[in-house]
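**Q** Next comes the structure file target.txt, holding compact mmCIF, C-alpha atoms.
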# COMPACT_ATOMS: atom_id res chain seq x y z
CA MET J 280 -112.94 -18.37 -75.24
CA THR J 281 -111.77 -20.88 -77.79
CA THR J 282 -108.88 -20.61 -80.14
CA ALA J 283 -109.62 -19.61 -83.70
CA ALA J 284 -108.90 -21.29 -87.00
CA THR J 285 -108.71 -24.87 -85.83
CA VAL J 286 -111.51 -25.88 -88.19
CA VAL J 287 -110.55 -27.95 -91.20
CA GLU J 288 -112.70 -27.12 -94.23
CA HIS J 289 -112.98 -29.74 -96.99
CA THR J 290 -114.63 -27.59 -99.62
CA GLY J 291 -113.39 -29.11 -102.86
CA ARG J 292 -115.87 -31.94 -102.55
CA GLY J 293 -119.43 -32.81 -101.59
CA PRO J 294 -120.75 -33.98 -98.22
CA LEU J 295 -119.55 -37.34 -96.88
CA THR J 296 -121.37 -40.45 -98.03
CA THR J 297 -122.51 -42.83 -95.32
CA GLU J 298 -119.54 -45.10 -96.02
CA GLU J 299 -117.12 -42.16 -95.89
CA LEU J 300 -118.69 -41.00 -92.65
CA ALA J 301 -118.28 -44.49 -91.17
CA ALA J 302 -114.62 -44.47 -92.24
CA ARG J 303 -114.14 -40.96 -90.77
CA ILE J 304 -115.46 -42.08 -87.38
CA ALA J 305 -113.37 -45.25 -87.49
CA ARG J 306 -110.24 -43.08 -87.79
CA ASP J 307 -111.05 -41.36 -84.47
CA ILE J 308 -111.52 -44.55 -82.45
CA PRO J 309 -108.29 -45.12 -80.53
CA ALA J 310 -106.44 -48.41 -81.01
CA GLY J 311 -107.14 -50.87 -78.26
CA SER J 312 -110.54 -49.42 -77.34
CA TYR J 313 -113.55 -51.39 -76.20
CA VAL J 314 -116.33 -50.12 -78.45
CA ASN J 315 -120.09 -50.52 -78.83
CA LEU J 316 -121.51 -49.65 -82.24
CA GLY J 317 -125.23 -48.85 -82.08
CA ILE J 318 -127.89 -50.54 -84.16
CA GLY J 319 -128.25 -49.19 -87.70
CA GLN J 320 -125.67 -47.06 -89.47
CA PRO J 321 -123.00 -47.16 -86.73
CA THR J 322 -122.59 -50.92 -87.31
CA ARG J 323 -120.98 -50.01 -90.65
CA ILE J 324 -118.03 -48.47 -88.83
CA ALA J 325 -116.83 -52.00 -88.02
CA GLU J 326 -115.89 -52.54 -91.67
CA HIS J 327 -113.49 -49.59 -91.47
CA LEU J 328 -111.59 -50.61 -88.34
CA SER J 329 -108.22 -52.03 -89.19
CA ALA J 330 -107.57 -55.60 -88.11
CA ASP J 331 -104.42 -54.63 -86.22
CA SER J 332 -106.09 -51.82 -84.23
CA GLY J 333 -106.81 -54.15 -81.32
CA ILE J 334 -110.29 -52.65 -81.05
CA VAL J 335 -112.72 -55.02 -79.32
CA LEU J 336 -116.41 -54.77 -80.16
CA HIS J 337 -119.00 -55.10 -77.40
CA THR J 338 -122.58 -56.05 -78.10
CA GLU J 339 -125.02 -55.39 -75.27
CA ASN J 340 -126.70 -58.76 -75.60
CA GLY J 341 -123.69 -60.24 -73.92
CA MET J 342 -120.48 -60.46 -75.91
CA LEU J 343 -117.04 -58.94 -76.30
CA GLY J 344 -114.99 -59.83 -79.36
CA MET J 345 -117.84 -59.74 -81.83
CA GLY J 346 -116.83 -60.50 -85.42
CA PRO J 347 -118.41 -59.61 -88.76
CA ALA J 348 -121.93 -60.58 -89.80
CA ALA J 349 -122.36 -64.33 -90.31
CA THR J 350 -123.08 -65.72 -93.75
CA GLY J 351 -124.14 -69.15 -95.01
CA ASP J 352 -123.21 -71.98 -92.67
CA GLU J 353 -121.82 -69.55 -90.09
CA ILE J 354 -125.34 -68.39 -89.21
CA ASP J 355 -126.19 -69.52 -85.69
CA PRO J 356 -129.49 -68.42 -84.08
CA ASP J 357 -127.70 -68.36 -80.71
CA LEU J 358 -125.17 -65.77 -81.88
CA THR J 359 -126.57 -62.39 -82.85
CA ASN J 360 -125.72 -58.74 -82.34
CA ALA J 361 -127.94 -56.19 -80.59
CA GLY J 362 -129.83 -55.69 -83.85
CA LYS J 363 -130.58 -59.45 -83.81
CA VAL J 364 -128.47 -59.93 -86.93
CA PRO J 365 -126.43 -63.17 -86.93
CA VAL J 366 -122.74 -62.44 -86.29
CA THR J 367 -119.50 -64.35 -85.70
CA GLU J 368 -117.05 -64.54 -82.81
CA LEU J 369 -113.39 -63.60 -82.96
CA PRO J 370 -110.53 -65.31 -81.09
CA GLY J 371 -110.59 -63.99 -77.52
CA ALA J 372 -114.35 -63.47 -77.48
CA ALA J 373 -116.23 -63.67 -74.18
CA TYR J 374 -119.90 -64.16 -73.36
CA PHE J 375 -121.73 -62.82 -70.30
CA HIS J 376 -125.28 -62.22 -69.19
CA HIS J 377 -127.29 -59.04 -69.58
CA ALA J 378 -126.79 -57.63 -66.09
CA ASP J 379 -123.01 -57.97 -66.48
CA SER J 380 -123.12 -56.53 -69.98
CA PHE J 381 -124.77 -53.36 -68.76
CA ALA J 382 -122.78 -53.22 -65.54
CA MET J 383 -119.62 -52.96 -67.65
CA MET J 384 -121.27 -50.07 -69.49
CA ARG J 385 -122.48 -48.12 -66.47
CA GLY J 386 -119.28 -48.92 -64.62
CA GLY J 387 -117.25 -46.93 -67.14
CA HIS J 388 -115.38 -49.85 -68.68
CA LEU J 389 -116.54 -49.23 -72.24
CA ASP J 390 -114.32 -46.67 -73.95
CA VAL J 391 -116.50 -45.57 -76.85
CA CYS J 392 -120.01 -45.97 -78.16
CA VAL J 393 -121.38 -44.65 -81.43
CA LEU J 394 -125.10 -43.99 -81.63
CA GLY J 395 -127.51 -42.66 -84.21
CA ALA J 396 -129.66 -39.65 -83.30
CA PHE J 397 -132.85 -37.79 -84.12
CA GLN J 398 -131.46 -34.66 -82.47
CA VAL J 399 -128.41 -33.57 -80.51
CA SER J 400 -128.30 -30.28 -78.60
CA HIS J 401 -125.34 -27.94 -78.53
CA HIS J 402 -124.70 -29.01 -74.96
CA GLY J 403 -124.68 -32.68 -75.82
CA ASP J 404 -128.22 -33.72 -74.95
CA LEU J 405 -129.20 -36.73 -77.05
CA ALA J 406 -132.63 -37.66 -78.44
CA ASN J 407 -132.66 -40.92 -80.35
CA TRP J 408 -135.39 -43.21 -79.05
CA HIS J 409 -138.80 -41.62 -79.47
CA THR J 410 -140.26 -38.97 -81.73
CA GLY J 411 -143.02 -38.23 -79.22
CA ASP J 412 -145.59 -39.23 -81.87
CA PRO J 413 -148.54 -40.59 -79.85
CA ASP J 414 -149.05 -43.37 -82.44
CA ALA J 415 -145.46 -44.57 -82.19
CA VAL J 416 -144.67 -47.57 -80.00
CA PRO J 417 -141.95 -46.28 -77.66
CA ALA J 418 -138.83 -48.47 -77.57
CA VAL J 419 -135.57 -47.52 -75.89
CA GLY J 420 -133.49 -50.70 -75.85
CA GLY J 421 -130.00 -50.04 -74.52
CA ALA J 422 -129.69 -46.47 -75.81
CA MET J 423 -130.07 -44.74 -72.44
CA ASP J 424 -127.62 -47.11 -70.78
CA LEU J 425 -125.04 -46.56 -73.52
CA ALA J 426 -125.51 -42.78 -73.51
CA VAL J 427 -124.83 -42.61 -69.79
CA GLY J 428 -122.31 -45.41 -69.50
CA ALA J 429 -119.76 -45.19 -72.28
CA ARG J 430 -116.79 -42.94 -71.53
CA GLN J 431 -116.97 -41.31 -74.96
CA VAL J 432 -120.33 -41.00 -76.70
CA LEU J 433 -120.09 -40.30 -80.42
CA VAL J 434 -123.08 -39.62 -82.64
CA MET J 435 -123.29 -40.59 -86.30
CA MET J 436 -126.11 -38.89 -88.19
CA LYS J 437 -127.10 -36.80 -91.16
CA LEU J 438 -126.89 -33.12 -90.22
CA PHE J 439 -130.27 -32.27 -91.74
CA THR J 440 -133.59 -34.09 -92.03
CA ARG J 441 -135.01 -34.71 -95.51
CA ASP J 442 -136.83 -31.37 -95.41
CA GLY J 443 -133.64 -29.53 -94.44
CA THR J 444 -134.29 -29.10 -90.72
CA PRO J 445 -131.07 -29.20 -88.67
CA LYS J 446 -130.74 -32.11 -86.28
CA LEU J 447 -128.10 -30.26 -84.28
CA VAL J 448 -130.28 -27.92 -82.22
CA PRO J 449 -130.10 -25.41 -79.36
CA ALA J 450 -132.45 -27.68 -77.34
CA CYS J 451 -133.93 -31.05 -78.25
CA THR J 452 -137.66 -31.04 -78.94
CA TYR J 453 -137.89 -34.84 -78.92
CA PRO J 454 -137.83 -36.76 -75.61
CA LEU J 455 -134.27 -37.12 -74.32
CA THR J 456 -132.23 -40.31 -74.25
CA GLY J 457 -129.60 -38.69 -72.05
CA ALA J 458 -128.67 -35.22 -70.83
CA ALA J 459 -125.27 -33.68 -71.68
CA CYS J 460 -123.87 -37.07 -72.68
CA VAL J 461 -122.63 -36.60 -76.27
CA HIS J 462 -119.00 -35.67 -76.83
CA ARG J 463 -118.73 -35.55 -80.63
CA VAL J 464 -121.19 -35.42 -83.50
CA TYR J 465 -120.12 -36.81 -86.88
CA THR J 466 -122.31 -35.78 -89.79
CA ASP J 467 -122.22 -35.75 -93.58
CA HIS J 468 -121.51 -31.99 -93.55
CA GLY J 469 -119.19 -31.66 -90.60
CA VAL J 470 -117.75 -32.87 -87.32
CA PHE J 471 -118.69 -31.07 -84.11
CA ALA J 472 -117.72 -31.11 -80.47
CA THR J 473 -120.49 -30.51 -77.94
CA GLY J 474 -120.11 -29.48 -74.35
CA PRO J 475 -121.12 -27.16 -71.55
CA ASP J 476 -119.76 -24.18 -73.53
CA GLY J 477 -121.84 -25.05 -76.57
CA LEU J 478 -121.03 -26.26 -80.01
CA ARG J 479 -117.65 -26.20 -81.70
CA ILE J 480 -117.08 -27.09 -85.32
CA LEU J 481 -113.98 -29.15 -86.05
CA GLU J 482 -114.33 -30.06 -89.72
CA THR J 483 -116.60 -29.38 -92.67
CA TYR J 484 -117.31 -31.34 -95.84
CA GLY J 485 -118.55 -29.66 -99.01
CA VAL J 486 -119.33 -26.44 -97.19
CA THR J 487 -117.50 -23.73 -95.28
CA ALA J 488 -117.83 -23.26 -91.55
CA ALA J 489 -119.46 -19.88 -92.12
CA GLU J 490 -122.07 -21.38 -94.46
CA LEU J 491 -122.79 -24.14 -91.98
CA GLY J 492 -123.22 -21.61 -89.20
CA GLU J 493 -125.92 -19.87 -91.25
CA ARG J 494 -127.77 -23.06 -92.11
CA LEU J 495 -127.71 -24.19 -88.50
CA SER J 496 -128.69 -20.75 -87.19
CA VAL J 497 -126.26 -21.10 -84.35
CA GLU J 498 -123.22 -19.23 -83.30
CA LEU J 499 -120.44 -21.64 -84.01
CA ARG J 500 -117.36 -21.22 -81.96
CA ILE J 501 -114.80 -21.77 -84.65
CA MET F 156 -135.93 -76.90 -52.97
CA THR F 157 -134.12 -79.30 -55.22
CA THR F 158 -134.71 -79.27 -58.95
CA THR F 159 -137.32 -81.57 -60.43
CA ILE F 160 -137.22 -82.85 -63.98
CA ALA F 161 -140.53 -82.71 -65.81
CA GLU F 162 -141.41 -85.17 -68.56
CA THR F 163 -143.15 -82.56 -70.66
CA ALA F 164 -143.29 -78.80 -71.02
CA ASP F 165 -146.94 -78.94 -69.93
CA GLU F 166 -145.93 -80.55 -66.65
CA ALA F 167 -143.15 -77.96 -66.26
CA VAL F 168 -145.53 -74.98 -66.42
CA ALA F 169 -148.33 -76.54 -64.34
CA GLY F 170 -149.79 -74.33 -61.65
CA ILE F 171 -149.01 -70.91 -63.12
CA GLU F 172 -151.86 -68.74 -61.92
CA ASP F 173 -153.91 -66.00 -63.55
CA GLY F 174 -152.43 -62.57 -62.82
CA SER F 175 -148.88 -63.87 -62.44
CA THR F 176 -145.79 -61.87 -63.31
CA VAL F 177 -143.81 -64.05 -65.73
CA LEU F 178 -140.19 -63.34 -66.61
CA VAL F 179 -139.52 -64.64 -70.11
CA GLY F 180 -135.92 -65.07 -71.23
CA GLY F 181 -134.54 -64.33 -74.65
CA PHE F 182 -133.29 -61.47 -76.75
CA GLY F 183 -135.39 -61.56 -79.87
CA LEU F 184 -135.48 -65.27 -80.67
CA ALA F 185 -132.09 -66.16 -79.13
CA GLY F 186 -132.73 -67.82 -75.77
CA MET F 187 -136.51 -67.65 -76.12
CA PRO F 188 -138.11 -70.60 -74.25
CA PHE F 189 -140.50 -71.51 -77.06
CA ASP F 190 -141.71 -74.84 -75.68
CA LEU F 191 -142.48 -73.39 -72.26
CA ILE F 192 -144.41 -70.50 -73.79
CA ASP F 193 -146.40 -72.87 -76.02
CA ALA F 194 -147.16 -74.95 -72.93
CA LEU F 195 -148.21 -71.83 -71.03
CA ILE F 196 -150.64 -71.01 -73.83
CA ARG F 197 -152.15 -74.52 -73.52
CA GLN F 198 -152.15 -74.24 -69.72
CA GLY F 199 -154.42 -71.23 -70.02
CA ALA F 200 -153.21 -68.74 -67.39
CA GLY F 201 -154.23 -65.21 -68.32
CA ASP F 202 -154.07 -61.60 -67.11
CA LEU F 203 -150.30 -62.02 -67.07
CA THR F 204 -147.64 -59.37 -66.69
CA VAL F 205 -144.77 -60.41 -68.93
CA VAL F 206 -141.25 -59.13 -68.36
CA SER F 207 -138.95 -59.69 -71.32
CA ASN F 208 -136.54 -57.68 -73.44
CA ASN F 209 -138.82 -57.62 -76.47
CA ALA F 210 -142.55 -58.01 -77.00
CA GLY F 211 -142.53 -60.88 -79.45
CA ASN F 212 -141.23 -61.55 -82.94
CA GLY F 213 -143.35 -62.90 -85.78
CA ASP F 214 -146.07 -65.31 -84.67
CA VAL F 215 -144.07 -67.55 -82.35
CA GLY F 216 -143.12 -67.56 -78.67
CA LEU F 217 -144.10 -64.40 -76.84
CA ALA F 218 -145.98 -63.15 -79.91
CA ALA F 219 -148.19 -66.26 -79.77
CA LEU F 220 -148.88 -65.70 -76.04
CA LEU F 221 -149.85 -62.10 -76.79
CA ALA F 222 -152.02 -63.14 -79.75
CA ALA F 223 -153.84 -65.59 -77.45
CA GLY F 224 -154.92 -62.61 -75.33
CA ARG F 225 -153.24 -63.80 -72.13
CA VAL F 226 -151.10 -60.74 -71.43
CA ARG F 227 -152.32 -57.71 -69.53
CA LYS F 228 -149.06 -55.81 -69.51
CA VAL F 229 -145.57 -56.06 -70.98
CA ILE F 230 -142.51 -54.68 -69.19
CA CYS F 231 -139.68 -54.54 -71.70
CA SER F 232 -136.98 -52.39 -73.25
CA PHE F 233 -137.68 -52.74 -76.93
CA PRO F 234 -141.18 -53.69 -78.11
CA ARG F 235 -140.95 -52.08 -81.54
CA GLN F 236 -139.28 -54.28 -84.12
CA SER F 237 -139.74 -55.02 -87.79
CA ASP F 238 -141.70 -58.17 -86.94
CA SER F 239 -143.49 -57.14 -83.71
CA TYR F 240 -146.81 -56.70 -85.50
CA VAL F 241 -148.77 -58.78 -82.95
CA PHE F 242 -147.75 -56.52 -80.05
CA ASP F 243 -148.02 -53.33 -82.12
CA GLU F 244 -151.64 -54.04 -83.04
CA LEU F 245 -152.67 -54.94 -79.47
CA TYR F 246 -150.88 -51.86 -78.09
CA ARG F 247 -152.47 -49.47 -80.58
CA ALA F 248 -155.87 -50.99 -79.82
CA GLY F 249 -155.28 -50.36 -76.11
CA ARG F 250 -155.49 -54.06 -75.34
CA VAL F 251 -152.11 -54.45 -73.70
CA GLY F 252 -150.24 -52.20 -71.27
CA LEU F 253 -146.60 -51.26 -71.70
CA GLU F 254 -143.84 -50.17 -69.35
CA VAL F 255 -140.66 -49.31 -71.24
CA VAL F 256 -137.49 -49.76 -69.18
CA PRO F 257 -133.92 -49.10 -70.34
CA GLN F 258 -132.38 -52.48 -71.14
CA GLY F 259 -129.67 -52.42 -68.49
CA THR F 260 -132.08 -51.12 -65.88
CA LEU F 261 -134.45 -53.96 -66.74
CA ALA F 262 -131.65 -56.47 -66.13
CA GLU F 263 -130.46 -54.73 -62.98
CA ARG F 264 -133.97 -54.47 -61.50
CA MET F 265 -134.27 -58.24 -61.82
CA ARG F 266 -130.76 -58.72 -60.49
CA ALA F 267 -131.73 -56.62 -57.47
CA ALA F 268 -134.81 -58.76 -56.89
CA GLY F 269 -132.69 -61.90 -56.98
CA ALA F 270 -129.98 -60.43 -54.77
CA GLY F 271 -132.17 -59.03 -52.00
CA ILE F 272 -131.54 -55.38 -52.83
CA GLY F 273 -134.44 -53.13 -51.81
CA ALA F 274 -133.88 -50.53 -54.55
CA PHE F 275 -130.91 -48.83 -56.20
CA TYR F 276 -129.89 -45.51 -57.72
CA SER F 277 -128.78 -45.49 -61.36
CA PRO F 278 -127.78 -42.56 -63.57
CA VAL F 279 -129.52 -44.17 -66.55
CA GLY F 280 -132.65 -42.34 -67.64
CA ALA F 281 -132.03 -39.22 -65.54
CA GLY F 282 -133.51 -36.18 -67.27
CA THR F 283 -135.61 -38.33 -69.61
CA PRO F 284 -139.33 -39.14 -69.64
CA LEU F 285 -138.55 -42.62 -68.25
CA ALA F 286 -137.55 -40.99 -64.96
CA ASP F 287 -140.86 -39.12 -64.63
CA GLY F 288 -142.39 -39.65 -61.22
CA LYS F 289 -139.32 -41.41 -59.88
CA GLU F 290 -137.29 -40.28 -56.90
CA THR F 291 -133.92 -38.79 -57.87
CA ARG F 292 -130.80 -37.97 -55.94
CA GLU F 293 -127.54 -36.29 -56.87
CA ILE F 294 -124.57 -38.53 -56.11
CA ASP F 295 -121.04 -37.35 -56.90
CA GLY F 296 -122.45 -34.50 -58.94
CA ARG F 297 -124.57 -36.73 -61.13
CA VAL F 298 -128.34 -37.18 -61.01
CA HIS F 299 -129.42 -40.75 -60.24
CA VAL F 300 -132.87 -42.31 -60.46
CA LEU F 301 -134.25 -44.66 -57.81
CA GLU F 302 -135.17 -48.00 -59.37
CA HIS F 303 -137.09 -50.79 -57.70
CA PRO F 304 -136.65 -54.54 -58.15
CA ILE F 305 -138.75 -56.57 -60.56
CA LYS F 306 -139.61 -59.94 -59.08
CA GLY F 307 -141.40 -62.63 -61.02
CA ASP F 308 -143.82 -65.22 -59.75
CA VAL F 309 -142.41 -67.45 -62.46
CA ALA F 310 -139.42 -67.32 -64.81
CA LEU F 311 -139.41 -69.23 -68.07
CA ILE F 312 -135.93 -69.48 -69.50
CA SER F 313 -133.97 -71.49 -72.03
CA ALA F 314 -130.47 -72.86 -71.52
CA HIS F 315 -128.22 -75.12 -73.53
CA ARG F 316 -127.55 -77.92 -71.09
CA ALA F 317 -128.41 -78.88 -67.53
CA ASP F 318 -127.34 -81.59 -65.16
CA THR F 319 -129.79 -83.50 -63.02
CA VAL F 320 -129.38 -81.10 -60.09
CA GLY F 321 -130.30 -78.09 -62.18
CA ASN F 322 -126.92 -76.52 -62.93
CA LEU F 323 -127.16 -74.69 -66.25
CA VAL F 324 -124.83 -73.69 -69.03
CA TYR F 325 -125.87 -71.50 -71.90
CA ARG F 326 -124.74 -71.09 -75.47
CA ARG F 327 -123.28 -67.90 -76.94
CA THR F 328 -125.53 -64.82 -76.87
CA ALA F 329 -128.57 -66.99 -76.08
CA ARG F 330 -127.41 -66.61 -72.45
CA ASN F 331 -128.68 -63.00 -72.31
CA PHE F 332 -131.35 -62.62 -69.57
CA GLY F 333 -131.44 -66.28 -68.47
CA PRO F 334 -128.99 -66.15 -65.56
CA VAL F 335 -130.55 -62.98 -64.13
CA MET F 336 -134.15 -64.13 -64.48
CA ALA F 337 -133.23 -67.45 -62.86
CA THR F 338 -132.46 -65.55 -59.65
CA ALA F 339 -135.52 -63.31 -59.68
CA ALA F 340 -138.62 -65.48 -59.61
CA GLY F 341 -140.47 -67.67 -57.13
CA THR F 342 -140.57 -70.60 -59.51
CA VAL F 343 -137.91 -70.96 -62.18
CA VAL F 344 -138.54 -73.25 -65.12
CA ALA F 345 -135.77 -73.94 -67.62
CA GLN F 346 -136.02 -75.72 -70.93
CA VAL F 347 -132.74 -77.20 -72.06
CA ALA F 348 -131.53 -79.06 -75.11
CA GLY F 349 -130.01 -81.80 -72.97
CA ILE F 350 -129.84 -83.07 -69.37
CA VAL F 351 -126.73 -84.93 -68.22
CA PRO F 352 -125.99 -86.73 -64.93
CA ALA F 353 -124.71 -84.58 -62.05
CA GLY F 354 -120.94 -84.37 -62.30
CA GLU F 355 -120.79 -84.23 -66.07
CA ILE F 356 -120.81 -80.44 -66.23
CA ASP F 357 -117.47 -79.04 -65.05
CA PRO F 358 -118.38 -77.08 -61.89
CA GLU F 359 -116.03 -74.31 -63.05
CA THR F 360 -118.22 -73.71 -66.10
CA VAL F 361 -121.64 -73.65 -64.42
CA ILE F 362 -123.33 -70.31 -65.13
CA THR F 363 -126.59 -70.77 -63.23
CA PRO F 364 -126.19 -72.95 -60.13
CA GLY F 365 -129.03 -75.41 -59.54
CA ILE F 366 -130.16 -73.62 -56.37
CA TYR F 367 -132.01 -71.18 -58.61
CA VAL F 368 -133.73 -73.76 -60.83
CA ASP F 369 -136.98 -75.42 -59.74
CA ARG F 370 -138.05 -77.33 -62.83
CA LEU F 371 -136.25 -78.62 -65.89
CA VAL F 372 -137.59 -79.99 -69.10
CA ARG F 373 -135.74 -81.24 -72.13
CA ALA F 374 -136.74 -79.63 -75.39
CA GLU F 375 -135.07 -79.81 -78.75
CA ALA F 376 -133.46 -76.51 -79.66
CA ARG F 377 -135.43 -74.89 -82.44
CA ARG F 378 -133.42 -73.71 -85.38
CA LEU F 379 -135.54 -70.71 -86.11
CA THR F 380 -134.33 -68.35 -88.72
CA VAL F 381 -133.43 -64.95 -87.38
CA GLN F 382 -133.11 -63.24 -90.70
CA GLY F 383 -134.75 -59.86 -90.81
CA ALA F 384 -135.44 -59.83 -87.08
CA ARG F 385 -134.36 -56.55 -85.52
When written as structure tokens, how does the structure in this file appear?

**A**
Amino acid sequence: MTTAATVVEHTGRGPLTTEELAARIARDIPAGSYVNLGIGQPTRIAEHLSADSGIVLHTENGMLGMGPAATGDEIDPDLTNAGKVPVTELPGAAYFHHADSFAMMRGGHLDVCVLGAFQVSHHGDLANWHTGDPDAVPAVGGAMDLAVGARQVLVMMKLFTRDGTPKLVPACTYPLTGAACVHRVYTDHGVFATGPDGLRILETYGVTAAELGERLSVELRI
Amino acid sequence: MTTTIAETADEAVAGIEDGSTVLVGGFGLAGMPFDLIDALIRQGAGDLTVVSNNAGNGDVGLAALLAAGRVRKVICSFPRQSDSYVFDELYRAGRVGLEVVPQGTLAERMRAAGAGIGAFYSPVGAGTPLADGKETREIDGRVHVLEHPIKGDVALISAHRADTVGNLVYRRTARNFGPVMATAAGTVVAQVAGIVPAGEIDPETVITPGIYVDRLVRAEARRLTVQGAR
């Protein structure tokens, strides 16, 4: 169904470091996009966006035009990102209240969001808010709103857990954040497209597509 | 009713009854109405349902209200944080209830309450455990979940500046839930860093018109450190 040999294998090297992965994702974010970078690792993508890209960062606690983290005298308790880390404002920034902030998400005005994940299914289901552990305090924040609202949902994650279990799975076993909402999955070992037809591998790092297919025990449409 | 200006935070929160639903502004510590919460603790109302984005940070604000044992249930989007130990302990001990709501749905449910909307369909949460037991409907090929308004008996919010008729302006991301909560409660109490005569706030810049604000009290902004808060 899909064309063959479009996968790019980077085999003369190891897997991507977190910084390299952040830079890799940054390259795929179109100039001029309105972008929300999720709490945690995705925030590091901001450091790899070029200043002349015209990309505007949205933070769900009510701001467009968010600048880098604040340091020293710049720190203002009234100006934080969604992770509650003090940040700065860039020229052209705008503030708005929470209902507006999420209306612009659900309303399809946000071009891209990048989220972390516990699991992503081949069809783009996302699980990133709750492990289902009965002792865990469930907390969803804005993850479900972003997963449903942003026009392109990108995931940034390690491909395997510490014990080697794949996080890209035929069906999520953790509670879902959103169904069929993820478009691309960027991992240390490869970049994948998800969709109704299943998983497609686009790039590999430090491994061949065939080797990845075995480790993931999935049929990769290459 | 026109806005009244209270002399003290204690006067501003007078009359809040046991069992009330209290909307509490703030996102983490930004926009948290600390003085009003401290006054509510002194006032003594208990068995409260608190609606707020988080469930307290450190030992101050909402965390102090929780620690005082006044809260029966928290409706919020993100209780679990690096410094939410007060809530975490109460929750694990079964001493406080929790309803987790997606952040935008939380805001929109309050907006609906303030705007006279009976309920609304949203695609957020469809197919997830947070839609369990809720009515769904397919609209334009997409599953939507029916969400009902959240109305408060009282809202406690923090703004930057007010004028004497209750018009409010906020500061940076401390605005967050304030403008929405101000529309969604029977009695709205705002603490502000300064109150100026009517006419001194440019009408074009008013964010919350005074019609929504019942009581004002001046309170020095607290320069709390936010380092490490998540």

**Q** Considering all atoms listed in the file, state which residue in the set J:Gly469, J:Gly311, J:Gly346, J:Pro365 is at the smallest distance from Val434 of chain J.

**A** J:Gly469

**Q** Of the candidates F:Pro188, F:Gly282, F:Gly249, F:Gly199, which shows the shortest atom-to-atom distance to chain J, using only C-alpha atoms?

**A** F:Gly282

**Q** Output the contact residues of chain F with respect to chain J at a cut-off of 6 Å, based on all atoms listed in the file, as a list in words.

**A**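 So the contacting residues turn out to be Ala185, Ser232, Phe233, Pro234, Arg235, Pro257, Gln258, Gly259, Ala262, Glu263, Val279, Gly280, Thr283, Arg327, Thr328, Ala329, Arg330, Asn331, Phe332, Ala384 and Arg385 of chain F.
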
**Q** In Å, with one decimal, what is the gap from atom CA of Val486 of chain J to atom CA of His401 of chain J?

**A**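 Computing the Euclidean distance for atom CA of Val486 of chain J and atom CA of His401 of chain J yields 19.7 Å.
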
**Q** Considering all atoms listed in the file, can you say which of J:Ala349, J:Val399, J:Ser329, J:His388 comes closest to Arg306 of chain J?

**A**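 Among the listed residues, the smallest separation from Arg306 of chain J belongs to J:Ser329.
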
**Q** From the set F:Asn212, F:Leu253, F:Leu195, F:Gly349, which residue has the shortest atom-to-atom contact distance to Asp165 of chain F, counting all atoms listed in the file?

**A**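 Checking each of F:Asn212, F:Leu253, F:Leu195, F:Gly349 against Asp165 of chain F, counting all atoms listed in the file, the winner is F:Leu195.
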
**Q** Pick out the closest residue to Met336 of chain F from this set: F:Leu191, F:Ala374, F:Val298, F:Ala268. Count all atoms listed in the file.

**A** F:Ala268

**Q** Please list, as a PyMOL selection string, the residues that have an atom at most 12 Å away from (-124.6, -43.4, -55.5) in the coordinates of this file, counting only C-alpha atoms.

**A** (chain J and resi 386) or (chain F and resi 274-278+291-301)

**Q** Rounded to one decimal place, report the atom CA of Tyr240 of chain F-atom CA of Ile192 of chain F distance in Å.

**A**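 Result for atom CA of Tyr240 of chain F versus atom CA of Ile192 of chain F: 18.3 Å, one decimal.
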
**Q** Got a sec: who's within 12 Å of Glu299 of chain J, counting all atoms listed in the file, leaving out chain neighbours fewer than 3 positions off, as a PDB file with C-alpha atoms, in the coordinates of the input?

**A**
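selection21.pdb, freshly written:
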ATOM      1  CA  GLY J 293    -119.430 -32.810-101.590  1.00  0.00           C
ATOM      2  CA  PRO J 294    -120.750 -33.980 -98.220  1.00  0.00           C
ATOM      3  CA  LEU J 295    -119.550 -37.340 -96.880  1.00  0.00           C
ATOM      4  CA  THR J 296    -121.370 -40.450 -98.030  1.00  0.00           C
ATOM      5  CA  ALA J 302    -114.620 -44.470 -92.240  1.00  0.00           C
ATOM      6  CA  ARG J 303    -114.140 -40.960 -90.770  1.00  0.00           C
ATOM      7  CA  ILE J 304    -115.460 -42.080 -87.380  1.00  0.00           C
ATOM      8  CA  ALA J 305    -113.370 -45.250 -87.490  1.00  0.00           C
ATOM      9  CA  ARG J 306    -110.240 -43.080 -87.790  1.00  0.00           C
ATOM     10  CA  GLN J 320    -125.670 -47.060 -89.470  1.00  0.00           C
ATOM     11  CA  PRO J 321    -123.000 -47.160 -86.730  1.00  0.00           C
ATOM     12  CA  ARG J 323    -120.980 -50.010 -90.650  1.00  0.00           C
ATOM     13  CA  ILE J 324    -118.030 -48.470 -88.830  1.00  0.00           C
ATOM     14  CA  GLU J 326    -115.890 -52.540 -91.670  1.00  0.00           C
ATOM     15  CA  HIS J 327    -113.490 -49.590 -91.470  1.00  0.00           C
ATOM     16  CA  MET J 435    -123.290 -40.590 -86.300  1.00  0.00           C
ATOM     17  CA  TYR J 465    -120.120 -36.810 -86.880  1.00  0.00           C
ATOM     18  CA  THR J 466    -122.310 -35.780 -89.790  1.00  0.00           C
ATOM     19  CA  ASP J 467    -122.220 -35.750 -93.580  1.00  0.00           C
ATOM     20  CA  HIS J 468    -121.510 -31.990 -93.550  1.00  0.00           C
ATOM     21  CA  GLY J 469    -119.190 -31.660 -90.600  1.00  0.00           C
ATOM     22  CA  TYR J 484    -117.310 -31.340 -95.840  1.00  0.00           C
TER      23      TYR J 484
END
